[in-house]
file query.cif (mmCIF, C-alpha atoms)
data_final
#
loop_
_atom_site.label_atom_id
_atom_site.label_comp_id
_atom_site.auth_asym_id
_atom_site.auth_seq_id
_atom_site.Cartn_x
_atom_site.Cartn_y
_atom_site.Cartn_z
CA MET E 75 12.77 3.45 -16.41
CA SER E 76 11.10 4.04 -13.09
CA ASN E 77 10.98 7.80 -13.61
CA LEU E 78 9.18 7.56 -16.96
CA SER E 79 5.44 8.11 -17.32
CA ASP E 80 3.16 5.24 -18.34
CA SER E 81 2.76 6.58 -21.86
CA GLU E 82 6.51 7.05 -22.27
CA LEU E 83 6.98 3.48 -21.14
CA MET E 84 4.36 2.29 -23.58
CA ARG E 85 6.17 4.08 -26.40
CA LYS E 86 9.33 2.22 -25.42
CA VAL E 87 7.41 -1.04 -25.33
CA MET E 88 6.39 -0.40 -28.92
CA GLU E 89 10.08 0.12 -29.72
CA LYS E 90 10.51 -3.39 -28.24
CA LYS E 91 12.35 -2.32 -25.09
CA ARG E 92 11.94 -5.27 -22.76
CA CYS E 93 12.74 -3.33 -19.58
CA ALA E 94 9.85 -0.94 -20.34
CA LEU E 95 7.40 -3.85 -20.41
CA GLU E 96 8.85 -5.14 -17.15
CA GLU E 97 8.37 -1.73 -15.56
CA LEU E 98 4.74 -1.59 -16.73
CA TYR E 99 4.28 -5.09 -15.37
CA ASP E 100 5.56 -3.99 -11.97
CA ARG E 101 3.24 -0.98 -11.97
CA TYR E 102 0.07 -2.67 -13.16
CA VAL E 103 0.21 -6.39 -12.55
CA LYS E 104 -1.67 -6.09 -9.28
CA LEU E 105 -4.54 -4.28 -11.00
CA VAL E 106 -4.59 -6.72 -13.92
CA TYR E 107 -4.29 -9.83 -11.76
CA SER E 108 -6.94 -8.64 -9.28
CA PHE E 109 -9.31 -7.95 -12.14
CA ALA E 110 -8.61 -11.28 -13.81
CA LEU E 111 -9.13 -13.20 -10.59
CA ARG E 112 -12.31 -11.30 -9.75
CA SER E 113 -13.60 -12.01 -13.23
CA ALA E 114 -12.58 -15.64 -13.76
CA ARG E 115 -12.59 -16.70 -10.08
CA ASN E 116 -9.86 -19.15 -10.83
CA GLU E 117 -6.13 -18.70 -10.25
CA HIS E 118 -5.01 -20.67 -13.28
CA ALA E 119 -7.27 -18.64 -15.57
CA ALA E 120 -6.17 -15.38 -13.92
CA ARG E 121 -2.51 -16.22 -14.59
CA GLU E 122 -3.24 -16.95 -18.23
CA ILE E 123 -5.21 -13.74 -18.60
CA VAL E 124 -2.30 -11.73 -17.15
CA GLN E 125 0.02 -13.37 -19.65
CA LEU E 126 -2.32 -12.54 -22.53
CA VAL E 127 -2.64 -8.92 -21.40
CA PHE E 128 1.10 -8.32 -21.31
CA THR E 129 1.53 -10.18 -24.58
CA ARG E 130 -1.07 -7.84 -26.06
CA LEU E 131 0.82 -4.79 -24.77
CA TRP E 132 3.98 -6.14 -26.34
CA THR E 133 2.39 -6.83 -29.71
CA THR E 134 -0.14 -4.00 -30.01
CA GLU E 135 0.25 -1.85 -33.07
CA SER E 136 -2.20 0.84 -32.10
CA GLY E 137 -0.56 1.80 -28.81
CA PHE E 138 -1.82 4.02 -26.06
CA ASP E 139 -3.03 7.55 -26.65
CA PRO E 140 -2.73 9.59 -23.44
CA GLY E 141 -5.12 12.16 -24.90
CA LYS E 142 -7.95 9.69 -24.52
CA GLY E 143 -7.71 8.91 -20.84
CA GLN E 144 -5.59 7.26 -18.25
CA PHE E 145 -3.31 4.34 -18.84
CA ALA E 146 -4.95 2.43 -15.97
CA ASN E 147 -8.32 2.66 -17.71
CA TRP E 148 -6.82 1.54 -20.97
CA ILE E 149 -5.09 -1.48 -19.49
CA LEU E 150 -8.25 -2.37 -17.57
CA THR E 151 -10.27 -2.24 -20.78
CA ILE E 152 -7.76 -4.56 -22.45
CA THR E 153 -7.84 -6.84 -19.41
CA ARG E 154 -11.60 -7.04 -19.42
CA ASN E 155 -11.75 -7.73 -23.15
CA ILE E 156 -9.19 -10.50 -22.87
CA ALA E 157 -10.82 -11.96 -19.74
CA ILE E 158 -14.21 -12.01 -21.45
CA ASP E 159 -12.81 -13.60 -24.58
CA TYR E 160 -11.12 -16.19 -22.41
CA MET E 161 -14.23 -17.00 -20.41
CA ARG E 162 -16.47 -17.13 -23.44
CA LYS E 163 -14.20 -19.71 -24.96
CA GLU E 164 -14.24 -21.64 -21.71
CA ARG E 165 -18.01 -21.61 -21.76
CA ARG E 166 -18.15 -22.67 -25.41
CA HIS E 167 -20.25 -19.66 -26.17
CA ARG E 168 -19.54 -17.97 -29.42
CA GLY E 169 -17.59 -14.76 -28.98
CA ALA E 170 -20.36 -12.94 -30.74
CA VAL E 171 -18.88 -9.60 -29.84
CA SER E 172 -15.18 -10.10 -30.13
CA ILE E 173 -13.79 -6.96 -28.66
CA GLY E 174 -10.31 -5.55 -28.84
CA PRO E 175 -8.64 -2.43 -27.54
CA GLU E 176 -10.21 -0.57 -30.44
CA GLN E 177 -13.53 -0.69 -28.67
CA TRP E 178 -12.03 1.60 -26.11
CA GLU E 179 -11.53 4.08 -28.91
CA GLN E 180 -15.13 3.75 -29.95
CA ILE E 181 -16.62 4.46 -26.60
CA SER E 182 -14.10 7.06 -25.52
CA ASP E 183 -14.93 10.67 -25.74
CA PRO E 184 -11.71 12.35 -26.86
CA SER E 185 -12.99 15.78 -25.92
CA ARG E 186 -13.39 14.77 -22.30
CA PRO E 187 -10.63 12.53 -21.01
CA ASP E 188 -11.91 10.43 -18.16
CA PRO E 189 -10.90 12.15 -14.94
CA VAL E 190 -11.43 9.07 -12.76
CA ASP E 191 -8.21 7.90 -11.20
CA ILE E 192 -9.12 4.30 -11.05
CA VAL E 193 -6.05 3.07 -9.21
CA ALA E 194 -5.39 5.39 -6.36
CA ASN E 195 -8.76 6.74 -5.45
CA GLU E 196 -9.63 4.98 -2.21
CA SER E 197 -12.73 7.05 -1.54
CA LEU E 198 -14.16 6.13 -4.92
CA LYS E 199 -13.53 2.46 -4.21
CA GLU E 200 -15.31 2.74 -0.90
CA GLY E 201 -18.09 4.69 -2.63
CA ILE E 202 -18.74 2.06 -5.27
CA ARG E 203 -18.76 -0.73 -2.69
CA LYS E 204 -21.32 1.18 -0.67
CA ALA E 205 -23.37 1.94 -3.78
CA TYR E 206 -23.36 -1.78 -4.65
CA ARG E 207 -25.30 -2.45 -1.46
CA HIS E 208 -28.25 -0.55 -2.88
CA LEU E 209 -28.63 -2.99 -5.76
CA SER E 210 -31.21 -5.74 -5.54
CA GLU E 211 -30.02 -9.31 -5.85
CA SER E 212 -31.11 -9.55 -9.48
CA GLN E 213 -29.43 -6.22 -10.34
CA ALA E 214 -26.15 -7.27 -8.71
CA GLU E 215 -26.31 -10.62 -10.45
CA LEU E 216 -26.87 -8.96 -13.81
CA ILE E 217 -23.75 -6.82 -13.35
CA GLU E 218 -21.85 -9.93 -12.32
CA ARG E 219 -22.95 -11.75 -15.45
CA VAL E 220 -22.52 -8.92 -17.92
CA TYR E 221 -19.58 -6.92 -16.58
CA TRP E 222 -17.50 -9.56 -14.85
CA GLN E 223 -18.36 -12.73 -16.72
CA GLY E 224 -18.90 -11.18 -20.14
CA TYR E 225 -22.26 -12.68 -20.98
CA THR E 226 -24.05 -10.71 -23.68
CA LEU E 227 -27.45 -9.24 -22.92
CA SER E 228 -29.04 -11.79 -25.26
CA GLU E 229 -27.36 -14.66 -23.46
CA VAL E 230 -28.60 -13.39 -20.11
CA ALA E 231 -32.10 -13.01 -21.56
CA LEU E 232 -31.99 -16.60 -22.79
CA MET E 233 -30.69 -18.01 -19.54
CA ASN E 234 -33.13 -16.08 -17.39
CA ARG E 235 -35.91 -16.61 -19.92
CA GLU E 236 -36.72 -12.92 -19.95
CA PRO E 237 -37.29 -10.55 -22.85
CA LEU E 238 -34.13 -8.80 -24.00
CA GLY E 239 -35.73 -5.42 -23.30
CA THR E 240 -36.24 -6.36 -19.65
CA VAL E 241 -32.57 -7.24 -19.27
CA LYS E 242 -31.49 -4.02 -20.98
CA SER E 243 -33.66 -1.86 -18.78
CA ARG E 244 -32.58 -3.69 -15.63
CA LEU E 245 -28.94 -3.00 -16.46
CA HIS E 246 -29.78 0.63 -17.19
CA GLN E 247 -31.57 0.91 -13.84
CA SER E 248 -28.67 -0.79 -12.02
CA LEU E 249 -26.16 1.68 -13.44
CA LYS E 250 -28.43 4.60 -12.55
CA ILE E 251 -28.72 3.37 -8.95
CA LEU E 252 -24.96 3.05 -8.67
CA ARG E 253 -24.46 6.50 -10.16
CA ARG E 254 -27.00 8.08 -7.83
CA HIS E 255 -25.43 6.59 -4.73
CA LEU E 256 -21.94 7.44 -5.90
CA LEU E 257 -23.01 11.04 -6.26
CA VAL E 258 -24.54 10.99 -2.78
CA GLU E 259 -21.32 9.55 -1.38
CA ARG E 260 -19.21 12.19 -3.04
CA GLU E 261 -21.42 15.07 -2.10
CA GLY E 262 -22.17 13.80 1.37
CA MET V 228 -37.12 9.02 -32.86
CA THR V 229 -38.34 5.57 -33.62
CA ARG V 230 -36.66 2.77 -35.42
CA ASP V 231 -38.72 -0.33 -36.01
CA GLY V 232 -40.91 0.89 -33.20
CA GLN V 233 -37.96 1.10 -30.84
CA ASN V 234 -36.73 4.29 -29.27
CA VAL V 235 -33.18 5.01 -30.41
CA CYS V 236 -32.37 6.15 -26.86
CA GLU V 237 -32.74 2.49 -25.87
CA LEU V 238 -29.64 1.66 -27.87
CA CYS V 239 -27.53 3.32 -25.19
CA ILE V 240 -26.98 0.11 -23.21
CA PRO V 241 -26.13 -2.13 -26.18
CA TYR V 242 -23.88 0.69 -27.45
CA LEU V 243 -22.15 0.98 -24.11
CA LEU V 244 -21.54 -2.77 -24.09
CA GLY V 245 -20.38 -2.88 -27.71
CA GLU V 246 -23.31 -5.14 -28.60
CA CYS V 247 -24.71 -3.02 -31.42
CA SER V 248 -24.51 -3.90 -35.07
CA ALA V 249 -22.45 -1.48 -37.17
CA GLU V 250 -25.65 0.09 -38.42
CA GLU V 251 -27.05 0.57 -34.92
CA ARG V 252 -23.75 2.00 -33.75
CA GLU V 253 -23.76 4.64 -36.45
CA GLN V 254 -27.40 5.35 -35.76
CA TYR V 255 -26.78 5.83 -32.06
CA GLU V 256 -23.70 7.99 -32.63
CA ARG V 257 -25.76 10.26 -34.88
CA HIS V 258 -28.52 10.27 -32.31
CA LEU V 259 -26.08 11.11 -29.54
CA ARG V 260 -25.20 14.36 -31.26
CA SER V 261 -28.79 15.50 -31.41
CA CYS V 262 -30.59 14.06 -28.36
CA PRO V 263 -30.16 16.25 -25.25
CA HIS V 264 -31.29 13.40 -22.99
CA CYS V 265 -28.68 10.95 -24.29
CA ARG V 266 -25.98 13.63 -24.31
CA ARG V 267 -26.49 13.94 -20.56
CA GLU V 268 -27.27 10.32 -19.83
CA PHE V 269 -24.74 8.38 -21.89
CA PRO V 270 -21.50 9.89 -20.52
CA GLU V 271 -22.81 9.30 -17.00
CA LEU V 272 -23.64 5.68 -17.74
CA ARG V 273 -20.25 5.15 -19.33
CA ARG V 274 -18.53 6.72 -16.36
CA THR V 275 -20.41 4.45 -13.96
CA TRP V 276 -19.67 1.41 -16.13
CA ARG V 277 -15.96 2.24 -16.01
CA MET V 278 -16.05 2.52 -12.26
CA LEU V 279 -17.40 -1.01 -11.80
CA PRO V 280 -13.92 -2.55 -11.48
CA LEU V 281 -13.30 -0.40 -8.41
CA GLU V 282 -15.52 -2.84 -6.55
CA MET V 283 -12.87 -5.56 -6.75
CA GLU V 284 -10.56 -6.31 -3.85
CA PRO V 285 -6.86 -5.97 -4.69
CA VAL V 286 -5.12 -9.30 -4.29
CA GLU V 287 -1.49 -10.29 -3.92
CA VAL V 288 0.14 -11.42 -7.14
CA PRO V 289 1.97 -14.78 -7.06
CA ALA V 290 5.71 -14.09 -7.01
CA ASP V 291 6.49 -16.55 -9.78
CA LEU V 292 4.03 -14.99 -12.23
CA LYS V 293 6.40 -12.35 -13.58
CA ASP V 294 8.94 -14.89 -14.84
CA GLU V 295 6.19 -16.95 -16.36
CA VAL V 296 4.66 -13.97 -18.17
CA MET V 297 7.94 -12.50 -19.37
CA ASN V 298 9.18 -15.88 -20.60
CA ALA V 299 5.97 -16.37 -22.54
CA VAL V 300 6.05 -12.85 -24.04
CA PHE V 301 9.67 -12.98 -25.09
CA ALA V 302 9.51 -16.56 -26.29
CA GLN V 303 7.31 -15.25 -29.09
CA ARG V 304 10.07 -13.02 -30.26
CA ALA V 305 12.12 -16.12 -30.91
CA GLY V 306 9.49 -17.25 -33.36
CA ARG V 307 7.30 -19.48 -31.23
CA PRO V 308 3.56 -19.27 -31.69
CA PRO V 309 2.07 -16.27 -29.90
CA ALA V 310 0.41 -17.06 -26.62
CA ASP V 311 -2.61 -15.01 -27.51
CA SER V 312 -3.06 -16.31 -30.98
CA PHE V 313 -6.71 -16.71 -30.10
CA ALA V 314 -7.23 -13.17 -28.86
CA GLY V 315 -9.65 -11.43 -31.17
CA ALA V 316 -9.67 -14.40 -33.54
CA GLU V 317 -12.94 -15.79 -34.75
CA PRO V 318 -13.47 -18.84 -32.57
CA ASP V 319 -15.62 -20.81 -34.95
CA GLY V 320 -14.46 -22.10 -38.26
CA PRO V 321 -16.51 -23.72 -40.99
CA VAL V 322 -18.26 -26.90 -39.93
CA LYS V 323 -19.53 -29.59 -42.25
CA ARG V 324 -23.16 -30.56 -42.13
CA LEU V 325 -24.15 -34.13 -41.46
CA PRO V 326 -27.41 -34.68 -43.33
CA ALA V 327 -27.25 -38.50 -43.12
CA GLU V 328 -26.85 -38.48 -39.38
CA ALA V 329 -29.68 -35.99 -39.11
CA ALA V 330 -32.06 -38.16 -41.07
CA GLU V 331 -31.12 -41.26 -39.12
CA GLY V 332 -31.45 -39.39 -35.83
CA LYS V 333 -34.94 -38.27 -36.76
CA LYS V 334 -36.06 -41.79 -37.69
CA ARG V 335 -34.83 -43.27 -34.45
CA PHE V 336 -36.38 -40.44 -32.58
CA TRP V 337 -39.87 -40.91 -33.95
CA ARG V 338 -39.69 -44.65 -33.52
CA LYS V 339 -38.59 -44.70 -29.95
CA TYR V 340 -39.67 -41.56 -28.18
CA GLY V 341 -43.30 -40.73 -28.55
CA PHE V 342 -43.41 -38.44 -25.54
CA ALA V 343 -40.81 -36.10 -26.95
CA ALA V 344 -42.92 -35.62 -30.04
CA ALA V 345 -45.47 -33.93 -27.86
CA ILE V 346 -43.04 -31.24 -26.80
CA LEU V 347 -41.40 -30.79 -30.18
CA PRO V 348 -43.62 -27.85 -31.16
CA LEU V 349 -42.66 -26.15 -27.92
CA PHE V 350 -39.04 -26.94 -28.58
CA ILE V 351 -39.16 -25.49 -32.07
CA ALA V 352 -40.96 -22.42 -30.75
CA SER V 353 -38.20 -21.95 -28.24
CA VAL V 354 -35.49 -22.33 -30.87
CA VAL V 355 -37.22 -19.76 -33.06
CA TRP V 356 -37.47 -17.46 -30.07
CA ASN V 357 -33.78 -17.95 -29.31
CA PHE V 358 -32.78 -17.01 -32.79
CA ALA V 359 -35.13 -14.06 -32.81
CA LEU V 360 -33.27 -12.81 -29.76
CA LEU V 361 -29.91 -13.35 -31.38
CA ALA V 362 -31.13 -11.60 -34.50
CA GLU V 363 -32.24 -8.65 -32.44
CA LYS V 364 -28.71 -8.35 -31.10
CA GLY V 365 -26.91 -8.76 -34.39
CA ALA V 366 -27.71 -7.12 -37.68
CA GLY V 367 -30.40 -9.61 -38.47
CA ASN V 368 -27.94 -12.22 -39.76
CA ALA V 369 -29.28 -14.94 -37.54
CA SER V 370 -32.80 -14.65 -38.82
CA ALA V 371 -31.61 -14.62 -42.41
CA ALA V 372 -30.02 -18.05 -42.00
CA PRO V 373 -32.41 -20.79 -40.98
CA ALA V 374 -31.04 -23.35 -38.57
CA GLN V 375 -31.07 -27.01 -39.53
CA ILE V 376 -31.44 -29.73 -36.96
CA VAL V 377 -28.45 -32.04 -37.39
CA SER V 378 -29.36 -34.47 -34.63
CA PHE V 379 -31.46 -34.63 -31.51
CA LYS V 380 -31.91 -36.95 -28.55
CA PRO V 381 -34.30 -36.99 -25.61
CA PHE V 382 -32.99 -36.58 -22.09
CA GLU V 383 -33.15 -39.36 -19.55
CA THR V 384 -33.38 -38.35 -15.93
CA ALA V 385 -30.62 -39.39 -13.58
CA SER V 386 -32.37 -39.55 -10.23
CA PRO V 387 -35.88 -39.97 -8.81
CA ALA V 388 -35.84 -36.38 -7.62
CA PHE V 389 -36.00 -35.29 -11.27
CA ALA V 390 -38.16 -38.16 -12.53
CA SER V 391 -40.78 -35.90 -14.08
CA ALA V 392 -38.26 -33.84 -16.06
CA LYS V 393 -38.32 -34.28 -19.82
CA GLY V 394 -36.46 -32.66 -22.63
CA ILE V 395 -34.44 -32.74 -25.81
CA ALA V 396 -30.82 -32.04 -26.66
CA CYS V 397 -30.31 -30.96 -30.21
CA ILE V 398 -27.45 -29.96 -32.47
CA LEU V 399 -28.30 -27.22 -34.93
CA ASP V 400 -26.35 -26.13 -37.93
CA GLN V 401 -26.76 -22.51 -38.87
CA ARG V 402 -24.56 -21.09 -41.59
CA ASN V 403 -22.03 -23.80 -40.87
CA ARG V 404 -21.91 -22.96 -37.20
CA LYS V 405 -23.03 -25.70 -34.91
CA LYS V 406 -24.98 -25.03 -31.79
CA LEU V 407 -26.06 -27.24 -28.98
CA VAL V 408 -29.60 -26.41 -27.88
CA LEU V 409 -31.16 -27.96 -24.78
CA TYR V 410 -34.77 -27.65 -23.91
CA LEU V 411 -36.01 -29.20 -20.66
CA TYR V 412 -39.27 -28.95 -18.80
CA ASN V 413 -40.70 -30.07 -15.46
CA LEU V 414 -37.45 -29.08 -13.77
CA PRO V 415 -37.49 -27.88 -10.16
CA ALA V 416 -37.17 -24.07 -10.05
CA THR V 417 -33.75 -22.73 -9.10
CA LYS V 418 -33.48 -20.80 -5.85
CA ASP V 419 -31.13 -17.90 -5.09
CA SER V 420 -27.86 -18.42 -6.95
CA GLU V 421 -28.62 -22.03 -7.88
CA ALA V 422 -28.22 -22.90 -11.54
CA TYR V 423 -28.34 -25.89 -13.82
CA GLN V 424 -24.96 -26.45 -15.43
CA VAL V 425 -24.46 -28.31 -18.68
CA TRP V 426 -21.48 -30.60 -19.33
CA LEU V 427 -20.11 -32.06 -22.54
CA MET V 428 -18.71 -35.51 -21.82
CA ARG V 429 -16.13 -37.61 -23.55
CA ASN V 430 -13.96 -40.37 -22.08
CA GLY V 431 -14.89 -39.49 -18.54
CA GLN V 432 -13.84 -35.84 -19.07
CA ARG V 433 -16.45 -33.16 -18.48
CA ARG V 434 -16.39 -29.73 -19.99
CA ASN V 435 -18.63 -26.88 -18.93
CA ALA V 436 -20.93 -25.78 -21.74
CA GLY V 437 -22.87 -23.12 -19.84
CA ALA V 438 -25.65 -22.74 -17.30
CA PHE V 439 -29.30 -21.78 -17.10
CA ARG V 440 -31.90 -21.00 -14.48
CA VAL V 441 -35.42 -22.27 -14.15
CA GLY V 442 -38.51 -20.40 -12.93
CA ASN V 443 -41.79 -21.69 -11.53
CA ASP V 444 -42.88 -22.93 -14.95
CA GLY V 445 -40.10 -25.54 -14.86
CA LEU V 446 -38.69 -24.64 -18.29
CA GLY V 447 -34.97 -24.56 -18.97
CA VAL V 448 -33.22 -23.54 -22.20
CA LEU V 449 -29.56 -23.37 -23.11
CA VAL V 450 -27.87 -22.46 -26.38
CA ALA V 451 -24.13 -23.04 -26.63
CA ASP V 452 -21.86 -22.74 -29.63
CA LEU V 453 -19.79 -25.75 -30.52
CA ARG V 454 -16.28 -25.37 -31.75
CA PRO V 455 -14.81 -27.56 -34.46
CA GLY V 456 -12.45 -30.25 -33.23
CA GLU V 457 -14.08 -30.69 -29.86
CA GLY V 458 -16.32 -33.69 -29.95
CA PHE V 459 -18.39 -35.22 -27.18
CA ASP V 460 -20.34 -38.42 -26.63
CA SER V 461 -23.08 -37.21 -24.36
CA VAL V 462 -24.45 -34.19 -22.55
CA GLY V 463 -25.18 -34.04 -18.82
CA VAL V 464 -27.09 -31.55 -16.70
CA THR V 465 -26.44 -31.00 -12.98
CA LEU V 466 -28.09 -28.76 -10.41
CA GLU V 467 -25.39 -26.63 -8.81
CA PRO V 468 -25.19 -24.07 -6.00
CA ASN V 469 -24.18 -21.45 -8.58
CA ALA V 470 -23.38 -21.08 -12.27
CA ASP V 471 -19.62 -20.76 -11.86
CA GLY V 472 -18.39 -24.32 -11.27
CA THR V 473 -15.64 -25.68 -13.48
CA GLU V 474 -16.37 -29.24 -12.29
CA PRO V 475 -19.73 -30.80 -11.42
CA ARG V 476 -20.36 -30.47 -7.67
CA GLY V 477 -24.11 -30.83 -7.32
CA ARG V 478 -26.73 -33.44 -8.17
CA LYS V 479 -26.96 -35.11 -11.54
CA VAL V 480 -30.27 -34.22 -13.18
CA ALA V 481 -30.41 -35.73 -16.64
CA GLY V 482 -28.31 -36.87 -19.55
CA ALA V 483 -28.74 -37.25 -23.30
CA PRO V 484 -26.64 -39.55 -25.50
CA ILE V 485 -26.19 -36.90 -28.16
CA ARG V 486 -22.80 -36.87 -29.77
CA SER V 487 -20.68 -34.69 -31.97
CA ASP V 488 -17.44 -35.79 -33.60
CA GLY V 489 -16.22 -32.21 -33.69
CA THR V 490 -16.24 -31.89 -37.48
#
call {"tool": "encode", "arguments": {"input": "query.cif", "output": "structure tokens"}}
result
Amino acid sequence: MSNLSDSELMRKVMEKKRCALEELYDRYVKLVYSFALRSARNEHAAREIVQLVFTRLWTTESGFDPGKGQFANWILTITRNIAIDYMRKERRHRGAVSIGPEQWEQISDPSRPDPVDIVANESLKEGIRKAYRHLSESQAELIERVYWQGYTLSEVALMNREPLGTVKSRLHQSLKILRRHLLVEREG
Amino acid sequence: MTRDGQNVCELCIPYLLGECSAEEREQYERHLRSCPHCRREFPELRRTWRMLPLEMEPVEVPADLKDEVMNAVFAQRAGRPPADSFAGAEPDGPVKRLPAEAAEGKKRFWRKYGFAAAILPLFIASVVWNFALLAEKGAGNASAAPAQIVSFKPFETASPAFASAKGIACILDQRNRKKLVLYLYNLPATKDSEAYQVWLMRNGQRRNAGAFRVGNDGLGVLVADLRPGEGFDSVGVTLEPNADGTEPRGRKVAGAPIRSDGT
């Protein structure tokens, strides 16, 4: 199993080969668990999220399409969706946007598979941490709320008592700042 | 390129987050094919969005987790209920309205709490504003279904530090979904990461219902969806160092004896 690619393993998972799921677990649990813990900030919740992610891999009927990007991105998207669903239920907020792996399909651009190697690229990790330092407190908090905690823009607008448009444009600005500093890092 | 006075380019963030209605999604996808600005901008935004997780620190995974996960996954095969039966499921089911309780609640309210009557117009304005926001996000469903007030209770402050705070807790029924809406004013403004957290209480158990922040005007609003089967006897508000607590840690601010039997 250990010499198979991620997508070959995923095909075997869909054929209900247990050892393939165990191999994927060994390869990706650190990524999934780190994400879940960063998102939920609670070990018990992180453990449950990991369990839900691997259950989803085992039961998915749509599978992974390597033509649309890297497996690591796909599993991270699933992890984030499940983590957000989990936290929204914890917060008693309605899961107004219940998102599944299919959303990944929606926002993927099949003609341009994402070249970012999200797991191994240490310089990118360093770059994004440095770029984060250029965000203001309110920009960093917005990313925390929306990306990591899964609040919708409308919920953030309500909680901060700001117009929705203000929240939208602040998120847009925050992403632009990160992008600009990432580019500087990579070129510099 | 306007739609209800809004630039379609501005849909890029809701589209990126999956917060568009189906109609808006189609509209933006069409737009994306023809707008040179969005064709450049959107892929860059999406790429940056996808790089956000790189900020996290890798952590060691507990050694016992693998057995726990694998046992749970393969237990399902043997016919037990799936562990993620909730994943992707609609969290809210139909909820019955309680018109009698609503009427009684209103009577008691008007009899006993004159002060709250003064802020009721503000409260209603805020509820309308809340639903306008929600409608803006969705496909207009929220505005099409008026919310009914099922019950409401004034807050009582819990310590002298918050003596001037006033407010109402209210349960709304909108299209058979129940929502808890809190509206408080004269609250001290939150500083830095401070937040007011809201707790649903029953039998000494507290459950986090969400958090809100307060600016210099002292106004605080929270809207939380209630799930069937999870009743509570009162609602409490605490001032916390941040919005992430799973247990109350900070000072008690106010409470309201509003209850829901979870039906």
call {"tool": "residues_around", "arguments": {"input": "query.cif", "residues": "stretch 215-223 of chain E", "least_positions_apart": "6", "cutoff": "10 Å", "atoms": "all atoms listed in the file", "output": "number ranges by chain"}}
result
E: 109-110, 112-115, 154, 157-162, 209, 229-230, 241-242, 244-245, 248-249; V: 244, 276-277, 279-280, 420, 470-471
call {"tool": "closest_residue", "arguments": {"input": "query.cif", "among": "E:Gly137, E:Phe145, E:Val124, E:Ile152", "to": "chain V", "atoms": "only C-alpha atoms"}}
result
E:Val124
call {"tool": "resolve_selection", "arguments": {"input": "query.cif", "expression": "the PyMOL selection byres ((chain V and resi 448) around 9)", "output": "list of chain:residue names"}}
result
E:Leu232, E:Met233, E:Asn234, E:Arg235, V:Ser353, V:Val408, V:Leu409, V:Tyr410, V:Leu411, V:Tyr412, V:Phe439, V:Arg440, V:Val441, V:Leu446, V:Gly447, V:Leu449, V:Val450
call {"tool": "resolve_selection", "arguments": {"input": "query.cif", "expression": "the PyMOL selection byres ((chain E and resi 121) around 9)", "output": "PyMOL selection string"}}
result
(chain E and resi 107+110-111+116-120+122-126) or (chain V and resi 289+292+295-296)
call {"tool": "resolve_selection", "arguments": {"input": "query.cif", "expression": "the PyMOL selection byres ((chain V and resi 489) around 9)", "output": "ChimeraX atom specification"}}
result
/V:322,453-459,486-488,490
call {"tool": "write_last_selection", "arguments": {"input": "query.cif", "atoms": "C-alpha atoms", "output": "short mmCIF file (atom, residue, chain, number, x, y, z; two decimals), in the coordinates of the input"}}
result
data_model
loop_
_atom_site.label_atom_id
_atom_site.label_comp_id
_atom_site.auth_asym_id
_atom_site.auth_seq_id
_atom_site.Cartn_x
_atom_site.Cartn_y
_atom_site.Cartn_z
CA VAL V 322 -18.26 -26.90 -39.93
CA LEU V 453 -19.79 -25.75 -30.52
CA ARG V 454 -16.28 -25.37 -31.75
CA PRO V 455 -14.81 -27.56 -34.46
CA GLY V 456 -12.45 -30.25 -33.23
CA GLU V 457 -14.08 -30.69 -29.86
CA GLY V 458 -16.32 -33.69 -29.95
CA PHE V 459 -18.39 -35.22 -27.18
CA ARG V 486 -22.80 -36.87 -29.77
CA SER V 487 -20.68 -34.69 -31.97
CA ASP V 488 -17.44 -35.79 -33.60
CA THR V 490 -16.24 -31.89 -37.48
#
call {"tool": "closest_residue", "arguments": {"input": "query.cif", "among": "E:Leu150, E:Leu238, E:Val103, E:Ala94", "to": "V:Met278", "atoms": "all atoms listed in the file"}}
result
E:Leu150
call {"tool": "residues_around", "arguments": {"input": "query.cif", "residues": "E:Glu96", "least_positions_apart": "3", "cutoff": "10 Å", "atoms": "all atoms listed in the file", "output": "ChimeraX atom specification"}}
result
/E:75,83,87,91-93,99-103,128 /V:293,296-297
call {"tool": "atom_distance", "arguments": {"input": "query.cif", "atom1": "atom CA of V:Pro381", "atom2": "atom CA of V:Ile395"}}
result
4.3 Å
call {"tool": "closest_residue", "arguments": {"input": "query.cif", "among": "V:Met428, V:Cys265, V:Val300, V:Ile485", "to": "chain E", "atoms": "all atoms listed in the file"}}
result
V:Val300
call {"tool": "atom_distance", "arguments": {"input": "query.cif", "atom1": "atom CA of V:Arg257", "atom2": "atom CA of E:Ser243"}}
result
21.6 Å
call {"tool": "closest_residue", "arguments": {"input": "query.cif", "among": "V:Gln254, V:Arg274, V:Ser261, V:Lys380", "to": "chain E", "atoms": "only C-alpha atoms"}}
result
V:Arg274
call {"tool": "axis_aligned_box", "arguments": {"input": "query.cif", "around": "stretch 143-146 of chain E", "padding_each_side": "3 Å", "output": "JSON"}}
result
{"center_x": -5.5, "center_y": 5.7, "center_z": -18.4, "size_x": 10.4, "size_y": 12.5, "size_z": 10.9}
call {"tool": "atom_distance", "arguments": {"input": "query.cif", "atom1": "atom CA of V:Arg434", "atom2": "atom CA of V:Val462"}}
result
9.6 Å
call {"tool": "closest_residue", "arguments": {"input": "query.cif", "among": "V:Phe382, V:Ala249, V:Gly445, V:Arg478", "to": "V:Gly394", "atoms": "only C-alpha atoms"}}
result
V:Phe382
call {"tool": "residues_near_point", "arguments": {"input": "query.cif", "point": "(-2.8, 2.7, -29.9)", "cutoff": "10 Å", "atoms": "all atoms listed in the file", "output": "list in words"}}
result
Met84, Arg85, Met88, Leu131, Thr134, Glu135, Ser136, Gly137, Phe138, Asp139, Pro140, Trp148, Pro175, Glu176 and Glu179 of chain E
